[in-house]
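Encoded as structure tokens, the structure appears first; notes follow it.
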Amino acid sequence: MSIGLPGATMRIAVTGATGLVGAALVTALRADGHEVWRLERTPDDAAYDVLWRSADADFRFAPTARWDAVVHLAGAPVAEKRWTDAAKRAIADTRGAMTRRLVTALAALPEPPSVFISASAVGFYGDGGDTVLGEASPSGGGFLAEVCRDWEAAAAEARAAGMRVVSLRIGVVLAAEGGMLARLVPIYRWGGGGRVGDGRQWLSWIHRADLLTLLRQCLTDDRLSGPINAVSPQPVRQADFAAALGHALHRPALVPTPAFAVRLAFGALADEVLLAGQRVVPERLQALGFAWRYPDLASALAAALC
């Protein structure tokens with residue numbers, strides 16, 4: 001099937017629709033002329049188009065609900081605070097468990113969607129060191145890798161209901177409005193930026209515009225199914241990312257954050273997220289001829305920060 005959206009209007013439901021990626025996706029899909037529903041567990045929040053009610057966290061769609069595709073982006077933040085037991089339960093439950101409940105509800109509809117696109121993350125691979133990681137690479141160790149495995153397994157259950165399932169292993173999303181850049185830019189502007197730990201850990205990333213293009217392609221391109229590495233073809237070491245961000249902001253990036261300080265501040269999160277890395281390559285997208293608008297970090301940062 002050809003790349004891009006066809007002329008026909010699609011009915012699309014999106015979870016996580018007010019997040020960094022979800023809000024932009026909803027806007028883009030509606031601009032393309034598609035009908036979009038924003039699904040959320042908060043029925044009184046006017047920001048959402050609520051199609052269900054839930055007191056016990058189960059999805060309960062009206063029998064008349066019908067969508068051609070569902071894009072599932074919801075999940076508790078991973079790297080915003082220390083991993084207490086409660087935080088880890090929220091991270092796990094809003095990925096594997098929530099995805100299973102959503103798939104169960106969609107499969108029970110008289111007309112289940114044809115496509116189910118679920119977020120996953122490059123954390124699937126654990127700390128990969130210098131190993132180049134493609135979609136066929138095995139999953140790694142650690143809490144996040146376990147969460148991602150369960151997340152993808154839950155999404156895969158939608159195949160039994162006839163849905164084409166795509167699990168996007170997403171890297172760090174670059175956009176000025178949120179995510180990692182929103183946290184780092186003020187630090188760099190004040191001259192406090194620099195490498196984290198020894199800076200040798202690999203960082204796999206993607207500009208939000210390229211991720212939106214990929215999500216829209218997944219809706220209609222039957223060649224895309226199973227795990228897809230949603231990253232730029234040019235991963236970088238964290239120290240090189242720090243230098244590139246400093247250059248983009250015309251600020252120094254000379255203040256390192258020692259590993260012990262990162263561990264003191266973030267606990268277990270530090271060793272799995274901030275001091276670990278994955279050298280992920282998008283082998284399947286490259287084989288399909290996917291065209292990145294921002295394949296290199298310099299152009300991606302310039303576009304994100306303009």
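Letters for chains follow the order of the structure tokens (A, B, ...), residue numbers begin at 1 for each chain, and ligand numbers begin at 1 in the order shown.
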| Got a sec: who's within 8 Å of Gln278 (chain A), counting only C-alpha atoms, leaving out chain neighbours fewer than 3 positions off, as JSON, numbers by chain? | {"A": [122, 123, 125, 126, 127, 128, 129, 130, 131, 132, 133, 201, 202, 203, 204]}
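Each of A:Leu219, A:Ala300, A:Ala74, A:Ala24 was compared to Val115 (chain A) using only C-alpha atoms, and A:Leu219 turns out to be the nearest.
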Contact table region 112-168 of chain A vs region 13-18 of chain A, cut-off 12 Å, shortest pair per residue, only C-alpha atoms, as JSON lines:
```
{"residue": "A:Pro112", "atom": "CA", "partner": "A:Ala13", "partner_atom": "CA", "distance": 11.9}
{"residue": "A:Pro113", "atom": "CA", "partner": "A:Ala13", "partner_atom": "CA", "distance": 9.5}
{"residue": "A:Ser114", "atom": "CA", "partner": "A:Ala13", "partner_atom": "CA", "distance": 11.9}
{"residue": "A:Val115", "atom": "CA", "partner": "A:Ala13", "partner_atom": "CA", "distance": 10.6}
{"residue": "A:Phe116", "atom": "CA", "partner": "A:Ala13", "partner_atom": "CA", "distance": 9.8}
{"residue": "A:Ile117", "atom": "CA", "partner": "A:Val14", "partner_atom": "CA", "distance": 9.5}
{"residue": "A:Ser118", "atom": "CA", "partner": "A:Thr15", "partner_atom": "CA", "distance": 9.6}
{"residue": "A:Ala119", "atom": "CA", "partner": "A:Gly16", "partner_atom": "CA", "distance": 10.2}
```
Save the residues we just selected, C-alpha atoms, as a PDB file, in the first residue's frame?
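This is the output file out13.pdb:
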```pdb
ATOM      1  CA  PRO A 112     -13.856  -3.987  15.950  1.00  0.00           C
ATOM      2  CA  PRO A 113     -11.330  -1.562  14.441  1.00  0.00           C
ATOM      3  CA  SER A 114      -9.180  -2.772  11.576  1.00  0.00           C
ATOM      4  CA  VAL A 115      -5.999  -1.252  13.018  1.00  0.00           C
ATOM      5  CA  PHE A 116      -4.645  -1.013  16.563  1.00  0.00           C
ATOM      6  CA  ILE A 117      -1.520   1.134  16.976  1.00  0.00           C
ATOM      7  CA  SER A 118       0.043   1.011  20.421  1.00  0.00           C
ATOM      8  CA  ALA A 119       2.954   2.944  21.824  1.00  0.00           C
TER       9      ALA A 119
END
```
Taking a cut-off of 10 Å and counting only C-alpha atoms, can you build a table that, for each residue of region 65-99 of chain A near region 161-171 of chain A, reports the nearest atom pair and how far apart they are in Å (one decimal), sorted by chain then residue number, as JSON lines?
```
{"residue": "A:Asp68", "atom": "CA", "partner": "A:Met163", "partner_atom": "CA", "distance": 9.8}
{"residue": "A:Ala69", "atom": "CA", "partner": "A:Met163", "partner_atom": "CA", "distance": 8.8}
{"residue": "A:Val70", "atom": "CA", "partner": "A:Met163", "partner_atom": "CA", "distance": 9.9}
{"residue": "A:Val71", "atom": "CA", "partner": "A:Val166", "partner_atom": "CA", "distance": 9.4}
{"residue": "A:His72", "atom": "CA", "partner": "A:Ser167", "partner_atom": "CA", "distance": 9.6}
{"residue": "A:Leu73", "atom": "CA", "partner": "A:Leu168", "partner_atom": "CA", "distance": 9.9}
```
| Within 12 Å of region 264-271 of chain A using only C-alpha atoms, minus same-chain residues under 4 positions, as a PyMOL selection string | chain A and resi 77-85+87-88+123+126-127+141-144+196-197+201+257-260+275-277
| task | From a DSSP calculation on the backbone, collect every residue of region 117-219 of chain A in strand (DSSP E or B) and output the set as a VMD selection string. | result | chain A and resid 117 to 121 132 to 133 164 to 170 172 to 174 196 202 to 203 205 to 207
Let me see the file: selected residues, C-alpha atoms, as a compact mmCIF listing (two decimals), in the first residue's frame.
```
# COMPACT_ATOMS: atom_id res chain seq x y z
CA ILE A 117 -1.52 1.13 16.98
CA SER A 118 0.04 1.01 20.42
CA ALA A 119 2.95 2.94 21.82
CA SER A 120 5.87 1.01 23.25
CA ALA A 121 9.39 2.28 23.94
CA VAL A 132 23.23 -1.96 17.55
CA LEU A 133 19.59 -2.88 18.20
CA ARG A 164 -3.59 -5.27 12.37
CA VAL A 165 -1.39 -4.46 15.36
CA VAL A 166 1.57 -2.07 15.35
CA SER A 167 3.78 -1.59 18.42
CA LEU A 168 5.94 1.51 18.05
CA ARG A 169 9.12 1.35 20.11
CA ILE A 170 9.47 5.10 20.49
CA VAL A 172 13.05 10.28 23.04
CA VAL A 173 10.57 12.58 21.30
CA LEU A 174 12.02 16.00 20.46
CA VAL A 196 25.05 12.99 32.37
CA TRP A 202 23.42 5.99 23.58
CA LEU A 203 20.30 8.09 23.07
CA TRP A 205 15.46 9.91 19.48
CA ILE A 206 12.89 11.10 16.93
CA HIS A 207 11.52 14.52 16.07
```
| request: Using backbone DSSP assignments, extract all helix (DSSP H, G or I) residues from region 44-266 of chain A; output them as JSON, numbers by chain. | output: {"A": [85, 86, 87, 88, 89, 90, 91, 92, 93, 94, 95, 96, 97, 98, 99, 100, 101, 102, 103, 104, 105, 106, 107, 122, 123, 124, 125, 143, 144, 145, 146, 147, 148, 149, 150, 151, 152, 153, 154, 155, 156, 157, 158, 159, 160, 161, 179, 180, 181, 182, 183, 184, 185, 186, 187, 188, 189, 208, 209, 210, 211, 212, 213, 214, 215, 216, 217, 218, 219, 220, 238, 239, 240, 241, 242, 243, 244, 245, 246, 247, 248, 249, 259, 260, 261, 262, 263, 264, 265, 266]}
| message | Using only C-alpha atoms, can you tell me which of A:Leu102, A:Ala92, A:Leu109, A:Val255 comes closest to Ala65 (chain A)? | response | A:Leu109
If we count only C-alpha atoms, what is near Thr213 (chain A) at a cut-off of 12 Å, once residues fewer than 6 positions away on the same chain are taken out, given as a short mmCIF file (atom, residue, chain, number, x, y, z; two decimals) with C-alpha atoms, in the first residue's frame?
```cif
data_model
loop_
_atom_site.label_atom_id
_atom_site.label_comp_id
_atom_site.auth_asym_id
_atom_site.auth_seq_id
_atom_site.Cartn_x
_atom_site.Cartn_y
_atom_site.Cartn_z
CA ILE A 3 2.67 5.73 1.96
CA GLY A 4 0.40 8.40 3.38
CA LEU A 5 -3.30 8.81 4.04
CA VAL A 21 2.34 13.42 20.84
CA ALA A 24 -0.48 17.08 17.93
CA LEU A 25 -1.74 13.87 16.33
CA ALA A 28 -3.04 16.66 12.34
CA LEU A 29 -5.67 13.97 11.76
CA ASP A 32 -6.49 15.72 7.16
CA ILE A 206 12.89 11.10 16.93
CA HIS A 207 11.52 14.52 16.07
CA LEU A 219 -3.07 3.83 9.78
CA THR A 220 -3.11 2.82 6.12
CA ASP A 221 0.10 0.95 5.29
CA ALA A 230 10.21 4.67 15.92
CA LEU A 285 11.44 1.71 8.35
CA PHE A 290 10.53 5.80 5.14
CA ALA A 291 11.66 9.41 4.60
CA TRP A 292 12.64 11.27 7.76
CA ARG A 293 12.19 14.99 7.62
CA TYR A 294 14.76 15.35 10.41
#
```
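Shortest atom-to-atom contact with Ala248 (chain A) among A:Ala97, A:Leu214, A:Val262, A:Leu297: A:Leu297, counting only C-alpha atoms.
Using only C-alpha atoms for every distance, the candidate list A:Ala160, A:Ile228, A:Cys148, A:Leu106 yields A:Cys148 as the residue closest to Ile91 (chain A).
Taking only C-alpha atoms into account, His250 (chain A) lies nearest to A:Ala302 out of the set A:Ala76, A:Ala8, A:Ala302, A:Ala155.
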| request: Would you please work out which residue, of A:Leu212, A:Ala90, A:Val185, A:Met98, is nearest to Ala242 (chain A) when using only C-alpha atoms? | output: A:Val185
